[in-house]
file data04.pdb (PDB, C-alpha atoms, pLDDT in the B column)
ATOM      1  CA  MET A   1      24.235 151.710 169.350  1.00 66.00           C
ATOM      2  CA  SER A   2      27.560 153.518 169.008  1.00 68.00           C
ATOM      3  CA  ASN A   3      26.386 156.432 171.151  1.00 74.00           C
ATOM      4  CA  GLU A   4      24.914 154.044 173.714  1.00 80.00           C
ATOM      5  CA  LEU A   5      28.210 152.195 174.100  1.00 81.00           C
ATOM      6  CA  VAL A   6      30.185 155.432 174.387  1.00 80.00           C
ATOM      7  CA  TYR A   7      27.761 156.625 177.075  1.00 79.00           C
ATOM      8  CA  LEU A   8      28.087 153.300 178.892  1.00 80.00           C
ATOM      9  CA  VAL A   9      31.888 153.472 178.941  1.00 83.00           C
ATOM     10  CA  LYS A  10      31.975 157.176 179.808  1.00 83.00           C
ATOM     11  CA  ASN A  11      29.689 156.780 182.810  1.00 84.00           C
ATOM     12  CA  ALA A  12      30.909 153.432 184.100  1.00 85.00           C
ATOM     13  CA  GLU A  13      32.604 153.476 187.482  1.00 89.00           C
ATOM     14  CA  ARG A  14      36.358 153.025 187.094  1.00 92.00           C
ATOM     15  CA  LYS A  15      37.765 150.179 189.131  1.00 92.00           C
ATOM     16  CA  THR A  16      41.259 148.941 189.815  1.00 94.00           C
ATOM     17  CA  LYS A  17      40.758 145.285 190.618  1.00 94.00           C
ATOM     18  CA  VAL A  18      43.502 143.584 192.613  1.00 95.00           C
ATOM     19  CA  LYS A  19      44.269 140.188 194.017  1.00 96.00           C
ATOM     20  CA  VAL A  20      45.993 140.460 197.407  1.00 95.00           C
ATOM     21  CA  TYR A  21      48.010 137.563 198.834  1.00 95.00           C
ATOM     22  CA  LEU A  22      48.514 137.755 202.604  1.00 93.00           C
ATOM     23  CA  GLN A  23      50.670 135.839 205.042  1.00 92.00           C
ATOM     24  CA  THR A  24      48.964 136.429 208.370  1.00 88.00           C
ATOM     25  CA  LYS A  25      51.285 134.408 210.628  1.00 87.00           C
ATOM     26  CA  LYS A  26      54.852 133.185 210.782  1.00 86.00           C
ATOM     27  CA  TYR A  27      55.944 129.895 209.289  1.00 86.00           C
ATOM     28  CA  ASP A  28      59.436 129.477 210.695  1.00 84.00           C
ATOM     29  CA  GLU A  29      59.971 126.156 208.938  1.00 85.00           C
ATOM     30  CA  PHE A  30      59.787 127.818 205.508  1.00 85.00           C
ATOM     31  CA  PRO A  31      62.392 130.303 204.190  1.00 85.00           C
ATOM     32  CA  PHE A  32      59.840 131.842 201.797  1.00 86.00           C
ATOM     33  CA  ALA A  33      56.415 133.436 201.970  1.00 85.00           C
ATOM     34  CA  ILE A  34      53.407 131.206 202.656  1.00 89.00           C
ATOM     35  CA  TYR A  35      50.275 133.106 201.702  1.00 90.00           C
ATOM     36  CA  ASP A  36      47.314 131.856 203.741  1.00 90.00           C
ATOM     37  CA  GLN A  37      44.711 134.461 202.745  1.00 91.00           C
ATOM     38  CA  ILE A  38      43.638 135.803 199.324  1.00 95.00           C
ATOM     39  CA  ILE A  39      41.453 138.863 198.744  1.00 94.00           C
ATOM     40  CA  VAL A  40      40.037 139.908 195.355  1.00 94.00           C
ATOM     41  CA  ALA A  41      38.549 143.405 195.435  1.00 94.00           C
ATOM     42  CA  ASP A  42      38.683 146.956 194.140  1.00 94.00           C
ATOM     43  CA  TYR A  43      41.893 148.525 195.447  1.00 94.00           C
ATOM     44  CA  ASP A  44      40.178 151.632 196.825  1.00 93.00           C
ATOM     45  CA  GLU A  45      37.875 149.408 198.866  1.00 92.00           C
ATOM     46  CA  VAL A  46      40.538 147.097 200.272  1.00 92.00           C
ATOM     47  CA  ARG A  47      43.310 149.646 200.858  1.00 92.00           C
ATOM     48  CA  PRO A  48      42.018 150.919 204.249  1.00 92.00           C
ATOM     49  CA  PHE A  49      41.958 147.338 205.509  1.00 88.00           C
ATOM     50  CA  LEU A  50      45.484 146.673 204.280  1.00 88.00           C
ATOM     51  CA  ASP A  51      46.785 149.905 205.805  1.00 88.00           C
ATOM     52  CA  SER A  52      45.190 149.243 209.186  1.00 88.00           C
ATOM     53  CA  LEU A  53      46.724 145.834 209.839  1.00 83.00           C
ATOM     54  CA  LYS A  54      50.210 144.401 209.843  1.00 85.00           C
ATOM     55  CA  PHE A  55      50.994 141.233 207.916  1.00 84.00           C
ATOM     56  CA  GLU A  56      54.070 139.044 207.770  1.00 84.00           C
ATOM     57  CA  GLN A  57      54.099 139.201 203.977  1.00 87.00           C
ATOM     58  CA  MET A  58      51.867 140.797 201.355  1.00 90.00           C
ATOM     59  CA  HIS A  59      51.846 140.670 197.572  1.00 93.00           C
ATOM     60  CA  ILE A  60      49.434 142.631 195.365  1.00 94.00           C
ATOM     61  CA  GLU A  61      48.653 141.539 191.816  1.00 95.00           C
ATOM     62  CA  THR A  62      46.871 144.173 189.700  1.00 95.00           C
ATOM     63  CA  LEU A  63      44.183 142.592 187.518  1.00 92.00           C
ATOM     64  CA  SER A  64      42.963 145.808 185.893  1.00 92.00           C
ATOM     65  CA  ARG A  65      43.642 149.549 186.178  1.00 93.00           C
ATOM     66  CA  LYS A  66      40.754 152.056 186.161  1.00 92.00           C
ATOM     67  CA  SER A  67      38.696 149.609 184.137  1.00 90.00           C
ATOM     68  CA  ALA A  68      35.411 151.018 182.839  1.00 88.00           C
ATOM     69  CA  LEU A  69      33.837 147.724 181.786  1.00 85.00           C
ATOM     70  CA  GLY A  70      35.259 144.592 183.296  1.00 87.00           C
ATOM     71  CA  LEU A  71      34.950 140.988 182.202  1.00 91.00           C
ATOM     72  CA  GLN A  72      31.793 138.940 182.499  1.00 91.00           C
ATOM     73  CA  ASP A  73      31.450 136.016 184.857  1.00 91.00           C
ATOM     74  CA  VAL A  74      30.812 133.263 182.319  1.00 93.00           C
ATOM     75  CA  PHE A  75      29.492 130.705 184.825  1.00 92.00           C
ATOM     76  CA  ASP A  76      25.837 131.190 183.913  1.00 91.00           C
ATOM     77  CA  MET A  77      26.386 131.306 180.137  1.00 93.00           C
ATOM     78  CA  ASP A  78      24.773 128.349 178.392  1.00 93.00           C
ATOM     79  CA  ALA A  79      27.714 128.136 175.993  1.00 95.00           C
ATOM     80  CA  ARG A  80      31.183 126.570 175.832  1.00 95.00           C
ATOM     81  CA  ILE A  81      33.746 129.123 177.004  1.00 96.00           C
ATOM     82  CA  GLU A  82      37.329 127.826 176.997  1.00 97.00           C
ATOM     83  CA  PRO A  83      40.067 129.053 179.370  1.00 96.00           C
ATOM     84  CA  GLY A  84      41.633 132.361 178.369  1.00 95.00           C
ATOM     85  CA  ALA A  85      38.624 133.693 176.462  1.00 97.00           C
ATOM     86  CA  LEU A  86      37.807 137.308 177.376  1.00 97.00           C
ATOM     87  CA  ILE A  87      34.185 138.424 177.220  1.00 97.00           C
ATOM     88  CA  ARG A  88      33.556 142.001 178.273  1.00 94.00           C
ATOM     89  CA  ASN A  89      30.494 143.211 180.153  1.00 92.00           C
ATOM     90  CA  GLY A  90      27.784 144.251 177.716  1.00 90.00           C
ATOM     91  CA  ALA A  91      28.472 141.444 175.232  1.00 95.00           C
ATOM     92  CA  THR A  92      25.995 138.618 174.697  1.00 96.00           C
ATOM     93  CA  VAL A  93      26.751 135.004 173.840  1.00 97.00           C
ATOM     94  CA  GLU A  94      23.802 132.794 172.910  1.00 96.00           C
ATOM     95  CA  LYS A  95      23.136 129.190 173.852  1.00 94.00           C
ATOM     96  CA  ASP A  96      25.513 126.558 172.432  1.00 93.00           C
ATOM     97  CA  ALA A  97      27.990 129.091 171.053  1.00 96.00           C
ATOM     98  CA  ILE A  98      31.708 128.302 171.433  1.00 96.00           C
ATOM     99  CA  VAL A  99      34.420 130.777 172.393  1.00 97.00           C
ATOM    100  CA  LEU A 100      37.929 129.347 172.250  1.00 97.00           C
ATOM    101  CA  MET A 101      41.194 130.225 173.987  1.00 97.00           C
ATOM    102  CA  GLY A 102      42.423 133.784 173.575  1.00 97.00           C
ATOM    103  CA  ALA A 103      39.325 135.081 171.808  1.00 98.00           C
ATOM    104  CA  VAL A 104      38.194 138.595 172.785  1.00 98.00           C
ATOM    105  CA  ILE A 105      34.564 139.729 172.608  1.00 97.00           C
ATOM    106  CA  ASN A 106      34.058 143.427 173.267  1.00 95.00           C
ATOM    107  CA  ALA A 107      31.127 145.302 174.802  1.00 93.00           C
ATOM    108  CA  GLY A 108      27.919 145.340 172.796  1.00 92.00           C
ATOM    109  CA  ALA A 109      28.930 142.444 170.562  1.00 96.00           C
ATOM    110  CA  HIS A 110      26.494 139.591 170.003  1.00 97.00           C
ATOM    111  CA  ILE A 111      27.409 135.984 169.222  1.00 98.00           C
ATOM    112  CA  GLY A 112      24.587 133.833 167.855  1.00 97.00           C
ATOM    113  CA  SER A 113      23.807 130.287 168.893  1.00 95.00           C
ATOM    114  CA  TRP A 114      25.964 127.501 167.426  1.00 95.00           C
ATOM    115  CA  THR A 115      28.604 130.023 166.334  1.00 97.00           C
ATOM    116  CA  MET A 116      32.275 129.315 167.033  1.00 97.00           C
ATOM    117  CA  VAL A 117      34.747 132.119 167.756  1.00 98.00           C
ATOM    118  CA  ASP A 118      38.128 130.508 167.215  1.00 97.00           C
ATOM    119  CA  MET A 119      41.428 131.126 169.010  1.00 98.00           C
ATOM    120  CA  ASN A 120      42.681 134.729 169.236  1.00 98.00           C
ATOM    121  CA  ALA A 121      39.832 136.138 167.168  1.00 98.00           C
ATOM    122  CA  VAL A 122      38.808 139.695 168.089  1.00 98.00           C
ATOM    123  CA  ILE A 123      35.132 140.652 167.981  1.00 98.00           C
ATOM    124  CA  GLY A 124      34.902 144.438 168.134  1.00 95.00           C
ATOM    125  CA  SER A 125      32.387 146.508 170.044  1.00 93.00           C
ATOM    126  CA  GLY A 126      28.824 146.205 168.792  1.00 93.00           C
ATOM    127  CA  ALA A 127      29.540 143.555 166.144  1.00 96.00           C
ATOM    128  CA  GLN A 128      26.481 141.398 165.444  1.00 97.00           C
ATOM    129  CA  ILE A 129      27.275 137.815 164.492  1.00 98.00           C
ATOM    130  CA  GLY A 130      24.492 135.416 163.526  1.00 97.00           C
ATOM    131  CA  LYS A 131      23.873 131.741 164.112  1.00 96.00           C
ATOM    132  CA  ARG A 132      25.991 128.774 162.936  1.00 95.00           C
ATOM    133  CA  CYS A 133      28.951 130.940 161.933  1.00 96.00           C
ATOM    134  CA  HIS A 134      32.645 130.212 162.253  1.00 97.00           C
ATOM    135  CA  ILE A 135      34.997 133.116 163.009  1.00 98.00           C
ATOM    136  CA  GLY A 136      38.477 131.796 162.258  1.00 97.00           C
ATOM    137  CA  ALA A 137      41.574 131.997 164.414  1.00 98.00           C
ATOM    138  CA  GLY A 138      43.093 135.483 164.507  1.00 98.00           C
ATOM    139  CA  ALA A 139      40.219 137.070 162.565  1.00 98.00           C
ATOM    140  CA  VAL A 140      39.316 140.681 163.388  1.00 98.00           C
ATOM    141  CA  ILE A 141      35.743 141.945 163.251  1.00 97.00           C
ATOM    142  CA  ALA A 142      35.906 145.740 163.513  1.00 95.00           C
ATOM    143  CA  GLY A 143      34.246 147.605 166.359  1.00 92.00           C
ATOM    144  CA  MET A 144      31.992 150.638 166.233  1.00 87.00           C
ATOM    145  CA  MET A 145      33.017 153.066 169.000  1.00 80.00           C
ATOM    146  CA  GLU A 146      35.605 154.840 166.881  1.00 82.00           C
ATOM    147  CA  PRO A 147      35.504 156.529 164.446  1.00 78.00           C
ATOM    148  CA  ALA A 148      32.551 158.325 166.026  1.00 74.00           C
ATOM    149  CA  GLY A 149      29.161 157.387 164.581  1.00 75.00           C
ATOM    150  CA  THR A 150      30.334 154.111 163.085  1.00 81.00           C
ATOM    151  CA  LYS A 151      27.643 151.470 162.514  1.00 89.00           C
ATOM    152  CA  SER A 152      27.860 147.851 163.652  1.00 92.00           C
ATOM    153  CA  VAL A 153      29.427 145.136 161.549  1.00 96.00           C
ATOM    154  CA  VAL A 154      26.734 142.553 160.766  1.00 97.00           C
ATOM    155  CA  ILE A 155      27.626 138.964 159.936  1.00 98.00           C
ATOM    156  CA  GLU A 156      24.499 137.059 158.998  1.00 97.00           C
ATOM    157  CA  ASP A 157      23.759 133.385 159.673  1.00 96.00           C
ATOM    158  CA  ASP A 158      25.886 130.516 158.316  1.00 95.00           C
ATOM    159  CA  VAL A 159      28.966 132.581 157.441  1.00 96.00           C
ATOM    160  CA  PHE A 160      32.501 131.165 157.522  1.00 96.00           C
ATOM    161  CA  VAL A 161      35.289 133.695 158.169  1.00 97.00           C
ATOM    162  CA  GLY A 162      38.766 132.292 157.557  1.00 96.00           C
ATOM    163  CA  ALA A 163      41.809 132.666 159.780  1.00 97.00           C
ATOM    164  CA  ASN A 164      43.314 136.172 160.034  1.00 98.00           C
ATOM    165  CA  ALA A 165      40.610 137.735 157.882  1.00 98.00           C
ATOM    166  CA  VAL A 166      39.563 141.319 158.644  1.00 98.00           C
ATOM    167  CA  ILE A 167      36.028 142.690 158.349  1.00 98.00           C
ATOM    168  CA  LEU A 168      36.143 146.488 158.360  1.00 96.00           C
ATOM    169  CA  GLU A 169      33.688 148.908 159.974  1.00 94.00           C
ATOM    170  CA  GLU A 170      30.029 149.070 158.880  1.00 94.00           C
ATOM    171  CA  ILE A 171      30.266 145.972 156.668  1.00 96.00           C
ATOM    172  CA  THR A 172      27.408 143.498 156.288  1.00 97.00           C
ATOM    173  CA  VAL A 173      28.388 139.953 155.296  1.00 98.00           C
ATOM    174  CA  GLY A 174      25.431 138.121 153.748  1.00 97.00           C
ATOM    175  CA  HIS A 175      24.329 134.692 154.924  1.00 96.00           C
ATOM    176  CA  HIS A 176      26.117 131.541 153.717  1.00 95.00           C
ATOM    177  CA  SER A 177      29.176 133.495 152.588  1.00 96.00           C
ATOM    178  CA  ILE A 178      32.798 132.405 152.907  1.00 96.00           C
ATOM    179  CA  ILE A 179      35.575 134.911 153.645  1.00 97.00           C
ATOM    180  CA  GLY A 180      38.954 133.457 152.734  1.00 96.00           C
ATOM    181  CA  ALA A 181      41.902 133.354 155.119  1.00 97.00           C
ATOM    182  CA  GLY A 182      43.726 136.671 155.289  1.00 97.00           C
ATOM    183  CA  ALA A 183      41.112 138.534 153.256  1.00 97.00           C
ATOM    184  CA  VAL A 184      40.313 142.169 154.056  1.00 98.00           C
ATOM    185  CA  VAL A 185      36.643 142.915 153.468  1.00 98.00           C
ATOM    186  CA  THR A 186      36.046 146.580 152.617  1.00 97.00           C
ATOM    187  CA  LYS A 187      32.570 146.384 151.036  1.00 97.00           C
ATOM    188  CA  ASN A 188      29.293 144.652 151.791  1.00 97.00           C
ATOM    189  CA  VAL A 189      29.154 140.986 150.801  1.00 97.00           C
ATOM    190  CA  GLU A 190      26.152 139.446 149.061  1.00 97.00           C
ATOM    191  CA  PRO A 191      24.733 136.142 150.380  1.00 96.00           C
ATOM    192  CA  TYR A 192      26.400 132.926 149.162  1.00 95.00           C
ATOM    193  CA  SER A 193      29.563 134.771 148.085  1.00 96.00           C
ATOM    194  CA  VAL A 194      33.097 133.411 148.327  1.00 96.00           C
ATOM    195  CA  MET A 195      35.498 136.290 148.963  1.00 97.00           C
ATOM    196  CA  ALA A 196      39.303 136.345 148.861  1.00 97.00           C
ATOM    197  CA  GLY A 197      42.186 138.784 148.589  1.00 96.00           C
ATOM    198  CA  VAL A 198      43.219 142.246 149.780  1.00 96.00           C
ATOM    199  CA  PRO A 199      40.908 143.982 149.297  1.00 97.00           C
ATOM    200  CA  ALA A 200      38.530 141.041 149.128  1.00 96.00           C
ATOM    201  CA  VAL A 201      36.715 140.351 145.853  1.00 96.00           C
ATOM    202  CA  LYS A 202      34.108 137.768 144.992  1.00 96.00           C
ATOM    203  CA  ILE A 203      35.681 134.772 143.276  1.00 95.00           C
ATOM    204  CA  LYS A 204      32.672 132.447 143.046  1.00 94.00           C
ATOM    205  CA  GLU A 205      29.331 131.412 144.511  1.00 90.00           C
ATOM    206  CA  ASN A 206      29.112 129.208 147.571  1.00 89.00           C
ATOM    207  CA  GLY A 207      26.968 126.146 146.882  1.00 82.00           C
ATOM    208  CA  GLN A 208      26.871 124.855 150.464  1.00 77.00           C
ATOM    209  CA  ASP A 209      24.108 125.426 152.988  1.00 72.00           C
ATOM    210  CA  THR A 210      25.990 124.141 156.041  1.00 65.00           C
ATOM    211  CA  MET A 211      29.695 124.592 156.778  1.00 66.00           C
ATOM    212  CA  ILE A 212      29.923 123.881 160.502  1.00 69.00           C
ATOM    213  CA  GLU A 213      30.764 120.606 162.228  1.00 73.00           C
ATOM    214  CA  GLN A 214      27.672 119.690 164.242  1.00 69.00           C
ATOM    215  CA  ASP A 215      29.566 117.347 166.571  1.00 66.00           C
ATOM    216  CA  LEU A 216      31.560 120.286 167.929  1.00 70.00           C
ATOM    217  CA  ARG A 217      28.413 122.088 168.991  1.00 68.00           C
ATOM    218  CA  GLY A 218      25.983 121.477 171.807  1.00 61.00           C
ATOM    219  CA  GLN A 219      26.516 120.395 175.376  1.00 57.00           C
TER
END
call {"tool": "encode", "arguments": {"input": "data04.pdb", "output": "C-alpha coordinates"}}
result
Amino acid sequence: MSNELVYLVKNAERKTKVKVYLQTKKYDEFPFAIYDQIIVADYDEVRPFLDSLKFEQMHIETLSRKSALGLQDVFDMDARIEPGALIRNGATVEKDAIVLMGAVINAGAHIGSWTMVDMNAVIGSGAQIGKRCHIGAGAVIAGMMEPAGTKSVVIEDDVFVGANAVILEEITVGHHSIIGAGAVVTKNVEPYSVMAGVPAVKIKENGQDTMIEQDLRGQ
(Lines of atoms letter the chains of each structure in order from A and count residues from 1; the text may use other names and numbers.)
(Lines give C-alpha, C1' and ligand atoms only; values in the text may rest on other atoms or scores of the structure.)
Protein backbone atom coordinates (compact mmCIF):
# COMPACT_ATOMS: atom_id res chain seq x y z
CA MET A 1 0.00 0.00 0.00
CA SER A 2 2.90 2.37 0.66
CA ASN A 3 3.85 2.50 -3.02
CA GLU A 4 0.21 2.97 -4.01
CA LEU A 5 -0.18 5.97 -1.72
CA VAL A 6 3.07 7.53 -2.93
CA TYR A 7 1.90 7.07 -6.53
CA LEU A 8 -1.46 8.62 -5.66
CA VAL A 9 0.13 11.70 -4.10
CA LYS A 10 2.77 12.05 -6.81
CA ASN A 11 0.23 11.99 -9.63
CA ALA A 12 -2.58 13.94 -8.00
CA GLU A 13 -3.39 17.30 -9.56
CA ARG A 14 -2.13 20.12 -7.35
CA LYS A 15 -4.79 22.64 -6.43
CA THR A 16 -4.74 25.93 -4.61
CA LYS A 17 -8.25 26.23 -3.23
CA VAL A 18 -9.45 29.73 -2.36
CA LYS A 19 -12.52 31.38 -0.98
CA VAL A 20 -13.14 34.75 -2.66
CA TYR A 21 -15.33 37.40 -1.03
CA LEU A 22 -16.66 40.01 -3.46
CA GLN A 23 -18.45 43.30 -3.03
CA THR A 24 -20.11 43.84 -6.38
CA LYS A 25 -21.85 47.17 -5.69
CA LYS A 26 -21.53 50.21 -3.48
CA TYR A 27 -23.10 50.43 -0.06
CA ASP A 28 -22.71 54.09 0.80
CA GLU A 29 -24.41 53.70 4.17
CA PHE A 30 -21.61 51.43 5.43
CA PRO A 31 -18.01 52.60 6.03
CA PHE A 32 -16.69 49.04 5.61
CA ALA A 33 -16.81 46.28 3.03
CA ILE A 34 -20.08 44.40 2.52
CA TYR A 35 -19.33 41.19 0.66
CA ASP A 36 -22.39 40.08 -1.31
CA GLN A 37 -20.85 37.23 -3.33
CA ILE A 38 -18.66 34.27 -2.28
CA ILE A 39 -16.78 31.97 -4.66
CA VAL A 40 -14.97 28.77 -3.61
CA ALA A 41 -12.76 27.40 -6.38
CA ASP A 42 -9.26 26.52 -7.52
CA TYR A 43 -7.33 29.78 -7.89
CA ASP A 44 -6.10 29.01 -11.41
CA GLU A 45 -9.69 28.49 -12.51
CA VAL A 46 -11.16 31.62 -10.92
CA ARG A 47 -8.28 34.04 -11.57
CA PRO A 48 -9.26 34.91 -15.19
CA PHE A 49 -12.74 35.82 -13.97
CA LEU A 50 -11.37 37.99 -11.17
CA ASP A 51 -8.93 39.73 -13.52
CA SER A 52 -11.58 40.47 -16.13
CA LEU A 53 -14.03 42.31 -13.89
CA LYS A 54 -13.84 45.21 -11.49
CA PHE A 55 -15.24 44.91 -7.98
CA GLU A 56 -15.76 47.44 -5.23
CA GLN A 57 -13.94 45.23 -2.74
CA MET A 58 -12.34 41.79 -2.90
CA HIS A 59 -10.77 39.55 -0.28
CA ILE A 60 -9.14 36.19 -1.01
CA GLU A 61 -8.75 33.54 1.68
CA THR A 62 -6.37 30.69 0.77
CA LEU A 63 -7.72 27.34 1.97
CA SER A 64 -4.87 25.20 0.64
CA ARG A 65 -1.71 25.68 -1.44
CA LYS A 66 -0.80 23.18 -4.19
CA SER A 67 -2.67 20.49 -2.31
CA ALA A 68 -2.23 16.99 -3.72
CA LEU A 69 -5.03 15.31 -1.78
CA GLY A 70 -7.68 17.54 -0.33
CA LEU A 71 -10.23 16.87 2.38
CA GLN A 72 -13.24 14.63 1.97
CA ASP A 73 -16.78 15.92 1.93
CA VAL A 74 -18.12 14.09 4.97
CA PHE A 75 -21.81 14.66 4.19
CA ASP A 76 -22.43 11.15 2.89
CA MET A 77 -20.45 9.36 5.62
CA ASP A 78 -22.69 7.22 7.81
CA ALA A 79 -20.66 8.20 10.87
CA ARG A 80 -20.51 11.00 13.44
CA ILE A 81 -17.97 13.59 12.30
CA GLU A 82 -17.63 16.56 14.67
CA PRO A 83 -16.64 20.09 13.57
CA GLY A 84 -12.91 20.55 13.01
CA ALA A 85 -12.15 16.92 12.17
CA LEU A 86 -9.95 16.57 9.07
CA ILE A 87 -10.38 13.49 6.91
CA ARG A 88 -8.20 13.37 3.82
CA ASN A 89 -9.24 11.93 0.47
CA GLY A 90 -8.37 8.25 0.30
CA ALA A 91 -9.27 7.52 3.93
CA THR A 92 -12.27 5.39 4.84
CA VAL A 93 -14.52 5.72 7.87
CA GLU A 94 -17.03 2.94 8.48
CA LYS A 95 -20.62 3.18 9.65
CA ASP A 96 -21.20 4.43 13.22
CA ALA A 97 -17.58 5.46 13.77
CA ILE A 98 -16.95 8.73 15.64
CA VAL A 99 -14.33 11.32 14.75
CA LEU A 100 -14.06 14.16 17.26
CA MET A 101 -12.86 17.76 17.03
CA GLY A 102 -9.33 18.28 15.77
CA ALA A 103 -8.69 14.67 14.82
CA VAL A 104 -6.72 14.11 11.60
CA ILE A 105 -7.13 11.00 9.43
CA ASN A 106 -4.63 10.75 6.59
CA ALA A 107 -4.93 9.17 3.15
CA GLY A 108 -5.25 5.40 3.05
CA ALA A 109 -6.21 5.08 6.70
CA HIS A 110 -9.21 2.97 7.67
CA ILE A 111 -11.42 3.48 10.71
CA GLY A 112 -13.65 0.53 11.64
CA SER A 113 -17.27 0.74 12.66
CA TRP A 114 -18.04 1.79 16.25
CA THR A 115 -14.50 3.12 16.69
CA MET A 116 -13.96 6.54 18.28
CA VAL A 117 -11.06 8.78 17.25
CA ASP A 118 -10.81 11.29 20.07
CA MET A 119 -9.83 14.97 19.97
CA ASN A 120 -6.54 15.88 18.27
CA ALA A 121 -5.58 12.28 17.57
CA VAL A 122 -3.51 11.77 14.40
CA ILE A 123 -4.11 8.68 12.27
CA GLY A 124 -1.21 8.35 9.85
CA SER A 125 -1.36 7.31 6.22
CA GLY A 126 -2.43 3.72 5.65
CA ALA A 127 -3.11 2.91 9.31
CA GLN A 128 -5.73 0.17 9.68
CA ILE A 129 -7.89 0.47 12.78
CA GLY A 130 -10.48 -2.19 13.59
CA LYS A 131 -13.95 -2.11 15.08
CA ARG A 132 -15.01 -0.91 18.55
CA CYS A 133 -11.67 0.75 19.29
CA HIS A 134 -10.97 3.97 21.15
CA ILE A 135 -8.05 6.13 19.99
CA GLY A 136 -7.43 8.58 22.82
CA ALA A 137 -7.03 12.33 22.63
CA GLY A 138 -3.67 13.39 21.21
CA ALA A 139 -2.63 9.83 20.31
CA VAL A 140 -0.43 9.36 17.23
CA ILE A 141 -0.73 6.31 14.99
CA ALA A 142 2.28 6.36 12.66
CA GLY A 143 1.88 6.58 8.90
CA MET A 144 3.52 4.49 6.20
CA MET A 145 4.65 6.79 3.37
CA GLU A 146 8.03 7.52 4.92
CA PRO A 147 10.43 5.90 5.53
CA ALA A 148 10.04 4.34 2.09
CA GLY A 149 8.61 0.81 2.10
CA THR A 150 7.08 1.09 5.56
CA LYS A 151 4.16 -1.25 6.29
CA SER A 152 0.81 -0.18 7.73
CA VAL A 153 0.16 0.02 11.45
CA VAL A 154 -2.62 -2.45 12.28
CA ILE A 155 -4.81 -1.99 15.35
CA GLU A 156 -7.14 -4.95 15.70
CA ASP A 157 -10.69 -4.92 17.06
CA ASP A 158 -11.59 -3.82 20.61
CA VAL A 159 -8.34 -1.98 21.37
CA PHE A 160 -8.15 1.01 23.72
CA VAL A 161 -5.31 3.48 23.05
CA GLY A 162 -4.83 6.01 25.84
CA ALA A 163 -4.34 9.75 25.48
CA ASN A 164 -1.04 10.89 23.93
CA ALA A 165 0.13 7.35 23.26
CA VAL A 166 2.29 6.73 20.18
CA ILE A 167 2.16 3.62 17.99
CA LEU A 168 5.27 3.47 15.81
CA GLU A 169 5.56 2.29 12.21
CA GLU A 170 4.76 -1.31 11.22
CA ILE A 171 3.33 -2.23 14.63
CA THR A 172 0.39 -4.60 15.06
CA VAL A 173 -1.65 -4.17 18.24
CA GLY A 174 -3.59 -7.35 19.04
CA HIS A 175 -7.31 -7.33 19.76
CA HIS A 176 -8.63 -6.40 23.22
CA SER A 177 -5.36 -4.72 24.21
CA ILE A 178 -4.98 -1.54 26.25
CA ILE A 179 -2.21 0.98 25.53
CA GLY A 180 -1.68 3.26 28.50
CA ALA A 181 -1.68 7.04 28.27
CA GLY A 182 1.63 8.41 27.03
CA ALA A 183 3.03 4.99 26.14
CA VAL A 184 5.30 4.58 23.12
CA VAL A 185 4.75 1.23 21.44
CA THR A 186 7.86 0.02 19.60
CA LYS A 187 7.06 -3.71 19.23
CA ASN A 188 4.05 -5.80 18.27
CA VAL A 189 1.48 -6.26 21.02
CA GLU A 190 -0.16 -9.60 21.76
CA PRO A 191 -3.96 -9.77 22.17
CA TYR A 192 -5.37 -8.93 25.62
CA SER A 193 -2.18 -7.13 26.68
CA VAL A 194 -2.02 -4.05 28.89
CA MET A 195 0.95 -1.93 27.85
CA ALA A 196 2.51 1.08 29.59
CA GLY A 197 5.72 3.09 29.63
CA VAL A 198 8.39 4.41 27.26
CA PRO A 199 9.11 2.15 25.54
CA ALA A 200 5.89 0.32 26.31
CA VAL A 201 6.09 -3.03 28.12
CA LYS A 202 3.37 -5.47 29.05
CA ILE A 203 2.32 -5.02 32.67
CA LYS A 204 -0.62 -7.44 32.84
CA GLU A 205 -3.40 -9.21 30.96
CA ASN A 206 -6.62 -7.45 30.08
CA GLY A 207 -9.62 -9.39 31.39
CA GLN A 208 -12.29 -7.28 29.68
CA ASP A 209 -14.02 -8.06 26.40
CA THR A 210 -15.69 -4.67 25.93
CA MET A 211 -14.22 -1.27 26.82
CA ILE A 212 -16.36 1.14 24.82
CA GLU A 213 -19.45 3.04 25.95
CA GLN A 214 -22.28 1.79 23.74
CA ASP A 215 -24.47 4.83 24.39
CA LEU A 216 -21.93 7.06 22.64
CA ARG A 217 -22.16 5.03 19.46
CA GLY A 218 -24.85 4.76 16.83
CA GLN A 219 -27.10 7.36 15.28
call {"tool": "resolve_selection", "arguments": {"input": "data04.pdb", "expression": "the PyMOL selection byres ((chain A and resi 129) around 12)", "output": "ChimeraX atom specification"}}
result
/A:91-94,97,105,108-117,123-128,130-135,141-142,152-161,167,171-175
call {"tool": "resolve_selection", "arguments": {"input": "data04.pdb", "expression": "the PyMOL selection byres ((chain A and resi 193-209) around 6)", "output": "VMD selection string"}}
result
chain A and resid 177 to 180 183 to 185 190 to 192 210
call {"tool": "closest_residue", "arguments": {"input": "data04.pdb", "among": "A:Ala12, A:Val20, A:Leu168, A:Ala139", "to": "Ser67 of chain A", "atoms": "only C-alpha atoms"}}
result
A:Ala12
call {"tool": "resolve_selection", "arguments": {"input": "data04.pdb", "expression": "the PyMOL selection byres ((chain A and resi 181) around 6)", "output": "ChimeraX atom specification"}}
result
/A:162-165,180,182-183
call {"tool": "residues_around", "arguments": {"input": "data04.pdb", "residues": "segment 34-40 of chain A", "least_positions_apart": "6", "cutoff": "6 Å", "atoms": "all atoms listed in the file", "output": "PDB file with C-alpha atoms, in the coordinates of the input"}}
result
ATOM      1  CA  VAL A  18      43.502 143.584 192.613  1.00 95.00           C
ATOM      2  CA  LYS A  19      44.269 140.188 194.017  1.00 96.00           C
ATOM      3  CA  VAL A  20      45.993 140.460 197.407  1.00 95.00           C
ATOM      4  CA  TYR A  21      48.010 137.563 198.834  1.00 95.00           C
ATOM      5  CA  LEU A  22      48.514 137.755 202.604  1.00 93.00           C
ATOM      6  CA  GLN A  23      50.670 135.839 205.042  1.00 92.00           C
TER       7      GLN A  23
END
call {"tool": "atom_distance", "arguments": {"input": "data04.pdb", "atom1": "atom CA of Val9 of chain A", "atom2": "atom CA of Pro83 of chain A"}}
result
25.8 Å
call {"tool": "closest_residue", "arguments": {"input": "data04.pdb", "among": "A:Val99, A:Asp73, A:Asn11, A:Phe49", "to": "Ala85 of chain A", "atoms": "all atoms listed in the file"}}
result
A:Val99
call {"tool": "atom_distance", "arguments": {"input": "data04.pdb", "atom1": "atom CA of Val140 of chain A", "atom2": "atom CA of Thr186 of chain A"}}
result
12.7 Å
